[in-house]
Amino acid sequence: MTGGEERDGVSLTNLDQPLFDGADATKRDLVDYLDAIADRIIPVLRDRPLSVVRVLRGQPPFMQKNMPAYAPTWIKTVPLWAEASKREVSYALCDDRRTLLWFANQRAVEYHPTLVLAGHWDHPTHLVLDIDPPSADAFTLAVGAARLVRQALADAGLAGAVKTSGAKGVHVFVPVEERTTLDEAAAATRAIAARAERLDPDLTTTAFIREDRGGKVFLDSTRAGGATVVAAYSPRVRPGAPVSFPVAWDDLDDIAPGDFTVRSVARLIAGGDPWAELMPAPQPLSPGLIEEGRAIPVARVQAMHEGKRRARARRAAPG
């Protein structure tokens, strides 16, 4: 093992190895970055069941939800039933620097917490609109769509904070009151997406099936319930090792996702925490907005039924 050392009781190994193909960074760069911004990222991870994307040498990236048997006993975990796999999954809670360093040494590059806190399974802390442009070079379209979402929020008496996704799009987070239920949050998110789409249907779409989007920016309103969203300040497994980074609304036109990487972000936020500073206070959702959203079909369910319908039509077609 090369480049080993210890921090906060965590043994760090093979620090000089490349992080992943195209990262332009080493494992040490990842560890140093996460250590430098620990007091910014831990608040957005704390008490939230965590999934991570790891990149082991010679293997494709994979998402890890269940804590491995070899994990230290001092890492906090919370059990959750996974309906898809019909088993109980032991999720980590990354509540301190030592846990974060352990994950970094495991080559965990991406950090995807839930929108709910452990023990508060029916009460999400945020609405999230995931704004997904049609291609990697269409960030300006994502910015335009984000401004439509901001307008739709303002029309509903709400405000949100925005960050780059670290990939090709942006995420808009809207903090909500503690009493908000999963059903209410999901419905309100669908309503906001539909309102934003109506503001400029030539630019945006809420069509969940990719082939139905027509090259438009997808307003994904499905990040509700037990879904995860990549955390602010989390690196991504993308060329250059970009970071999901908070941006002031007025600065969106002046940035690109690649401006924020594991090698640059620690300097950019020295002495500050822009995600905490830009985040509005928790807000109530109006009954009208919730009822409007409840009348909109759930995108994933609708897409599943439509996919089955199309498959039947293809099977029935002659020739």
# chains A, B, ... in the order shown; residues from 1 in each chain; ligands from 1
>>> select_by_dssp(residues="segment 184-218 of chain A", states="alpha helix (DSSP H)", output="ChimeraX atom specification")
/A:184-199
>>> write_last_selection(atoms="N, CA, C and O atoms", output="PDB file, in the first residue's frame")
ATOM      1  N   GLU A 184     -47.887  15.182   0.419  1.00  0.00           N
ATOM      2  CA  GLU A 184     -48.038  16.613   0.145  1.00  0.00           C
ATOM      3  C   GLU A 184     -46.840  17.156  -0.624  1.00  0.00           C
ATOM      4  O   GLU A 184     -47.004  17.939  -1.575  1.00  0.00           O
ATOM      5  N   ALA A 185     -45.633  16.743  -0.231  1.00  0.00           N
ATOM      6  CA  ALA A 185     -44.427  17.217  -0.911  1.00  0.00           C
ATOM      7  C   ALA A 185     -44.388  16.738  -2.357  1.00  0.00           C
ATOM      8  O   ALA A 185     -44.048  17.498  -3.275  1.00  0.00           O
ATOM      9  N   ALA A 186     -44.735  15.472  -2.568  1.00  0.00           N
ATOM     10  CA  ALA A 186     -44.724  14.924  -3.926  1.00  0.00           C
ATOM     11  C   ALA A 186     -45.739  15.648  -4.809  1.00  0.00           C
ATOM     12  O   ALA A 186     -45.451  15.987  -5.969  1.00  0.00           O
ATOM     13  N   ALA A 187     -46.928  15.887  -4.266  1.00  0.00           N
ATOM     14  CA  ALA A 187     -47.961  16.573  -5.041  1.00  0.00           C
ATOM     15  C   ALA A 187     -47.539  18.002  -5.366  1.00  0.00           C
ATOM     16  O   ALA A 187     -47.689  18.464  -6.511  1.00  0.00           O
ATOM     17  N   ALA A 188     -47.008  18.714  -4.385  1.00  0.00           N
ATOM     18  CA  ALA A 188     -46.581  20.099  -4.620  1.00  0.00           C
ATOM     19  C   ALA A 188     -45.465  20.164  -5.654  1.00  0.00           C
ATOM     20  O   ALA A 188     -45.431  21.076  -6.495  1.00  0.00           O
ATOM     21  N   THR A 189     -44.556  19.199  -5.622  1.00  0.00           N
ATOM     22  CA  THR A 189     -43.459  19.180  -6.592  1.00  0.00           C
ATOM     23  C   THR A 189     -43.996  18.982  -8.004  1.00  0.00           C
ATOM     24  O   THR A 189     -43.549  19.640  -8.959  1.00  0.00           O
ATOM     25  N   ARG A 190     -44.967  18.074  -8.163  1.00  0.00           N
ATOM     26  CA  ARG A 190     -45.570  17.876  -9.486  1.00  0.00           C
ATOM     27  C   ARG A 190     -46.261  19.152  -9.963  1.00  0.00           C
ATOM     28  O   ARG A 190     -46.168  19.514 -11.144  1.00  0.00           O
ATOM     29  N   ALA A 191     -46.939  19.845  -9.061  1.00  0.00           N
ATOM     30  CA  ALA A 191     -47.639  21.072  -9.446  1.00  0.00           C
ATOM     31  C   ALA A 191     -46.660  22.156  -9.881  1.00  0.00           C
ATOM     32  O   ALA A 191     -46.887  22.855 -10.875  1.00  0.00           O
ATOM     33  N   ILE A 192     -45.570  22.302  -9.154  1.00  0.00           N
ATOM     34  CA  ILE A 192     -44.569  23.312  -9.513  1.00  0.00           C
ATOM     35  C   ILE A 192     -43.967  22.997 -10.881  1.00  0.00           C
ATOM     36  O   ILE A 192     -43.798  23.893 -11.735  1.00  0.00           O
ATOM     37  N   ALA A 193     -43.637  21.732 -11.123  1.00  0.00           N
ATOM     38  CA  ALA A 193     -43.070  21.353 -12.419  1.00  0.00           C
ATOM     39  C   ALA A 193     -44.058  21.642 -13.543  1.00  0.00           C
ATOM     40  O   ALA A 193     -43.679  22.167 -14.601  1.00  0.00           O
ATOM     41  N   ALA A 194     -45.328  21.311 -13.335  1.00  0.00           N
ATOM     42  CA  ALA A 194     -46.337  21.549 -14.369  1.00  0.00           C
ATOM     43  C   ALA A 194     -46.506  23.039 -14.634  1.00  0.00           C
ATOM     44  O   ALA A 194     -46.658  23.468 -15.785  1.00  0.00           O
ATOM     45  N   ARG A 195     -46.476  23.844 -13.577  1.00  0.00           N
ATOM     46  CA  ARG A 195     -46.601  25.299 -13.759  1.00  0.00           C
ATOM     47  C   ARG A 195     -45.402  25.860 -14.517  1.00  0.00           C
ATOM     48  O   ARG A 195     -45.559  26.725 -15.383  1.00  0.00           O
ATOM     49  N   ALA A 196     -44.205  25.368 -14.189  1.00  0.00           N
ATOM     50  CA  ALA A 196     -43.013  25.839 -14.892  1.00  0.00           C
ATOM     51  C   ALA A 196     -43.062  25.441 -16.364  1.00  0.00           C
ATOM     52  O   ALA A 196     -42.690  26.229 -17.243  1.00  0.00           O
ATOM     53  N   GLU A 197     -43.538  24.241 -16.638  1.00  0.00           N
ATOM     54  CA  GLU A 197     -43.664  23.785 -18.024  1.00  0.00           C
ATOM     55  C   GLU A 197     -44.618  24.687 -18.806  1.00  0.00           C
ATOM     56  O   GLU A 197     -44.348  25.051 -19.957  1.00  0.00           O
ATOM     57  N   ARG A 198     -45.704  25.072 -18.180  1.00  0.00           N
ATOM     58  CA  ARG A 198     -46.679  25.929 -18.868  1.00  0.00           C
ATOM     59  C   ARG A 198     -46.122  27.317 -19.159  1.00  0.00           C
ATOM     60  O   ARG A 198     -46.548  27.980 -20.117  1.00  0.00           O
ATOM     61  N   LEU A 199     -45.157  27.770 -18.371  1.00  0.00           N
ATOM     62  CA  LEU A 199     -44.546  29.082 -18.614  1.00  0.00           C
ATOM     63  C   LEU A 199     -43.776  29.109 -19.927  1.00  0.00           C
ATOM     64  O   LEU A 199     -43.685  30.154 -20.578  1.00  0.00           O
TER      65      LEU A 199
END
>>> select_by_dssp(residues="segment 62-295 of chain A", states="strand (DSSP E or B)", output="JSON, numbers by chain")
{"A": [62, 63, 64, 76, 77, 78, 79, 80, 81, 82, 87, 88, 89, 90, 91, 92, 93, 108, 109, 110, 111, 112, 113, 114, 126, 127, 128, 129, 130, 131, 132, 161, 162, 163, 164, 170, 171, 172, 173, 174, 175, 176, 204, 205, 217, 218, 219, 220, 228, 235, 242, 243, 246, 247, 261, 283]}
>>> closest_atom_pairs(of="segment 108-199 of chain A", to="segment 223-242 of chain A", cutoff="9 Å", atoms="only C-alpha atoms", output="Markdown table")
| residue | atom | partner | partner_atom | distance |
| --- | --- | --- | --- | --- |
| A:Val109 | CA | A:Pro235 | CA | 5.8 |
| A:Glu110 | CA | A:Arg236 | CA | 5.3 |
| A:Tyr111 | CA | A:Val230 | CA | 5.7 |
| A:His112 | CA | A:Val230 | CA | 4.3 |
| A:Pro113 | CA | A:Thr228 | CA | 5.3 |
| A:Thr114 | CA | A:Thr228 | CA | 4.3 |
| A:Leu115 | CA | A:Thr228 | CA | 6.3 |
| A:Val116 | CA | A:Gly226 | CA | 7.4 |
| A:Trp121 | CA | A:Gly226 | CA | 8.1 |
| A:Asp122 | CA | A:Gly225 | CA | 7.8 |
| A:His123 | CA | A:Gly225 | CA | 8.8 |
| A:Pro124 | CA | A:Gly225 | CA | 7.4 |
| A:His126 | CA | A:Ala224 | CA | 8.8 |
| A:Leu127 | CA | A:Ala224 | CA | 7.2 |
| A:Val128 | CA | A:Arg223 | CA | 6.1 |
| A:Leu129 | CA | A:Arg223 | CA | 7.2 |
| A:Asp130 | CA | A:Arg223 | CA | 7.5 |
| A:Lys163 | CA | A:Ala232 | CA | 7.1 |
| A:Thr164 | CA | A:Ala232 | CA | 8.4 |
| A:Ser165 | CA | A:Val230 | CA | 7.3 |
| A:Gly166 | CA | A:Pro242 | CA | 5.5 |
| A:Ala167 | CA | A:Arg238 | CA | 7.0 |
| A:His171 | CA | A:Val229 | CA | 8.8 |
| A:Leu182 | CA | A:Gly225 | CA | 5.6 |
| A:Asp183 | CA | A:Gly225 | CA | 7.8 |
| A:Ala185 | CA | A:Ala224 | CA | 7.0 |
| A:Ala186 | CA | A:Ala224 | CA | 5.5 |
| A:Thr189 | CA | A:Ala224 | CA | 8.2 |
>>> atom_distance(atom1="atom CA of Ile131 of chain A", atom2="atom CA of Asp155 of chain A")
18.7 Å
>>> residues_around(residues="Arg263 of chain A", least_positions_apart="3", cutoff="9 Å", atoms="only C-alpha atoms", output="PDB file with C-alpha atoms, in the first residue's frame")
ATOM      1  CA  ALA A  25      -7.292  13.619  -9.577  1.00  0.00           C
ATOM      2  CA  ASP A  29      -7.271  14.734  -3.830  1.00  0.00           C
ATOM      3  CA  LEU A  30     -10.639  13.197  -2.899  1.00  0.00           C
ATOM      4  CA  TYR A  33     -11.158  17.749  -0.514  1.00  0.00           C
ATOM      5  CA  ALA A 241     -14.208  15.142 -10.874  1.00  0.00           C
ATOM      6  CA  PRO A 242     -16.737  18.010 -10.737  1.00  0.00           C
ATOM      7  CA  PHE A 260     -16.310  23.396  -9.547  1.00  0.00           C
ATOM      8  CA  ALA A 266     -12.167  24.164  -1.110  1.00  0.00           C
ATOM      9  CA  ARG A 267     -10.556  27.469  -2.117  1.00  0.00           C
TER      10      ARG A 267
END
>>> residues_around(residues="Pro246 of chain A", least_positions_apart="2", cutoff="12 Å", atoms="only C-alpha atoms", output="PyMOL selection string")
chain A and resi 40-41+160-166+170-173+231-234+243-244+248-252+255-257+259-260+265+268-269+272-279
>>> closest_residue(among="A:Val44, A:Arg54, A:Arg179, A:Ile37", to="Phe20 of chain A", atoms="only C-alpha atoms")
A:Arg54
>>> atom_distance(atom1="atom CA of Ala36 of chain A", atom2="atom CA of Lys168 of chain A")
24.9 Å
>>> residues_around(residues="Lys65 of chain A", least_positions_apart="6", cutoff="8 Å", atoms="only C-alpha atoms", output="JSON, numbers by chain")
{"A": [50, 51, 52, 89, 90, 91, 92]}
>>> write_last_selection(atoms="all heavy atoms", output="PDB file, in the first residue's frame")
ATOM      1  N   LEU A  50     -27.792   7.146   3.850  1.00  0.00           N
ATOM      2  CA  LEU A  50     -26.860   7.551   2.800  1.00  0.00           C
ATOM      3  C   LEU A  50     -26.550   6.410   1.848  1.00  0.00           C
ATOM      4  O   LEU A  50     -26.243   5.288   2.262  1.00  0.00           O
ATOM      5  CB  LEU A  50     -25.554   8.034   3.446  1.00  0.00           C
ATOM      6  CG  LEU A  50     -24.439   8.477   2.490  1.00  0.00           C
ATOM      7  CD1 LEU A  50     -24.842   9.733   1.721  1.00  0.00           C
ATOM      8  CD2 LEU A  50     -23.142   8.722   3.261  1.00  0.00           C
ATOM      9  N   SER A  51     -26.619   6.717   0.560  1.00  0.00           N
ATOM     10  CA  SER A  51     -26.083   5.857  -0.487  1.00  0.00           C
ATOM     11  C   SER A  51     -24.855   6.555  -1.069  1.00  0.00           C
ATOM     12  O   SER A  51     -24.831   7.785  -1.165  1.00  0.00           O
ATOM     13  CB  SER A  51     -27.116   5.625  -1.590  1.00  0.00           C
ATOM     14  OG  SER A  51     -28.297   5.048  -1.077  1.00  0.00           O
ATOM     15  N   VAL A  52     -23.862   5.773  -1.434  1.00  0.00           N
ATOM     16  CA  VAL A  52     -22.652   6.347  -2.024  1.00  0.00           C
ATOM     17  C   VAL A  52     -22.342   5.644  -3.338  1.00  0.00           C
ATOM     18  O   VAL A  52     -22.714   4.489  -3.547  1.00  0.00           O
ATOM     19  CB  VAL A  52     -21.441   6.244  -1.073  1.00  0.00           C
ATOM     20  CG1 VAL A  52     -21.657   7.069   0.185  1.00  0.00           C
ATOM     21  CG2 VAL A  52     -21.122   4.791  -0.735  1.00  0.00           C
ATOM     22  N   VAL A  89     -32.228  -3.162   4.531  1.00  0.00           N
ATOM     23  CA  VAL A  89     -30.947  -2.568   4.163  1.00  0.00           C
ATOM     24  C   VAL A  89     -30.446  -1.715   5.327  1.00  0.00           C
ATOM     25  O   VAL A  89     -31.211  -0.932   5.909  1.00  0.00           O
ATOM     26  CB  VAL A  89     -31.077  -1.700   2.892  1.00  0.00           C
ATOM     27  CG1 VAL A  89     -29.767  -0.989   2.576  1.00  0.00           C
ATOM     28  CG2 VAL A  89     -31.501  -2.570   1.709  1.00  0.00           C
ATOM     29  N   SER A  90     -29.181  -1.877   5.658  1.00  0.00           N
ATOM     30  CA  SER A  90     -28.562  -1.093   6.724  1.00  0.00           C
ATOM     31  C   SER A  90     -27.833   0.093   6.106  1.00  0.00           C
ATOM     32  O   SER A  90     -26.763  -0.058   5.514  1.00  0.00           O
ATOM     33  CB  SER A  90     -27.575  -1.966   7.518  1.00  0.00           C
ATOM     34  OG  SER A  90     -26.972  -1.217   8.547  1.00  0.00           O
ATOM     35  N   TYR A  91     -28.450   1.268   6.215  1.00  0.00           N
ATOM     36  CA  TYR A  91     -27.875   2.485   5.641  1.00  0.00           C
ATOM     37  C   TYR A  91     -26.961   3.168   6.653  1.00  0.00           C
ATOM     38  O   TYR A  91     -27.255   3.203   7.855  1.00  0.00           O
ATOM     39  CB  TYR A  91     -28.973   3.471   5.250  1.00  0.00           C
ATOM     40  CG  TYR A  91     -29.716   3.136   3.979  1.00  0.00           C
ATOM     41  CD1 TYR A  91     -30.796   2.278   3.995  1.00  0.00           C
ATOM     42  CD2 TYR A  91     -29.331   3.702   2.765  1.00  0.00           C
ATOM     43  CE1 TYR A  91     -31.493   1.971   2.831  1.00  0.00           C
ATOM     44  CE2 TYR A  91     -30.014   3.403   1.597  1.00  0.00           C
ATOM     45  CZ  TYR A  91     -31.096   2.528   1.639  1.00  0.00           C
ATOM     46  OH  TYR A  91     -31.768   2.240   0.488  1.00  0.00           O
ATOM     47  N   ALA A  92     -25.883   3.752   6.158  1.00  0.00           N
ATOM     48  CA  ALA A  92     -25.005   4.543   7.021  1.00  0.00           C
ATOM     49  C   ALA A  92     -25.600   5.921   7.264  1.00  0.00           C
ATOM     50  O   ALA A  92     -26.348   6.454   6.441  1.00  0.00           O
ATOM     51  CB  ALA A  92     -23.628   4.687   6.374  1.00  0.00           C
TER      52      ALA A  92
END
>>> closest_residue(among="A:Asp32, A:Ser264, A:Glu6, A:Gly169", to="Ala136 of chain A", atoms="only C-alpha atoms")
A:Gly169
>>> residues_around(residues="Pro284 of chain A", least_positions_apart="2", cutoff="10 Å", atoms="only C-alpha atoms", output="number ranges by chain")
A: 157-158, 175-180, 282, 286-287
>>> closest_residue(among="A:Val217, A:Val55, A:Leu12, A:Leu289", to="Leu148 of chain A", atoms="only C-alpha atoms")
A:Val217
>>> residues_around(residues="Thr13 of chain A", least_positions_apart="4", cutoff="12 Å", atoms="only C-alpha atoms", output="PyMOL selection string")
chain A and resi 1-7+17+26-28+31+101-102+104-107
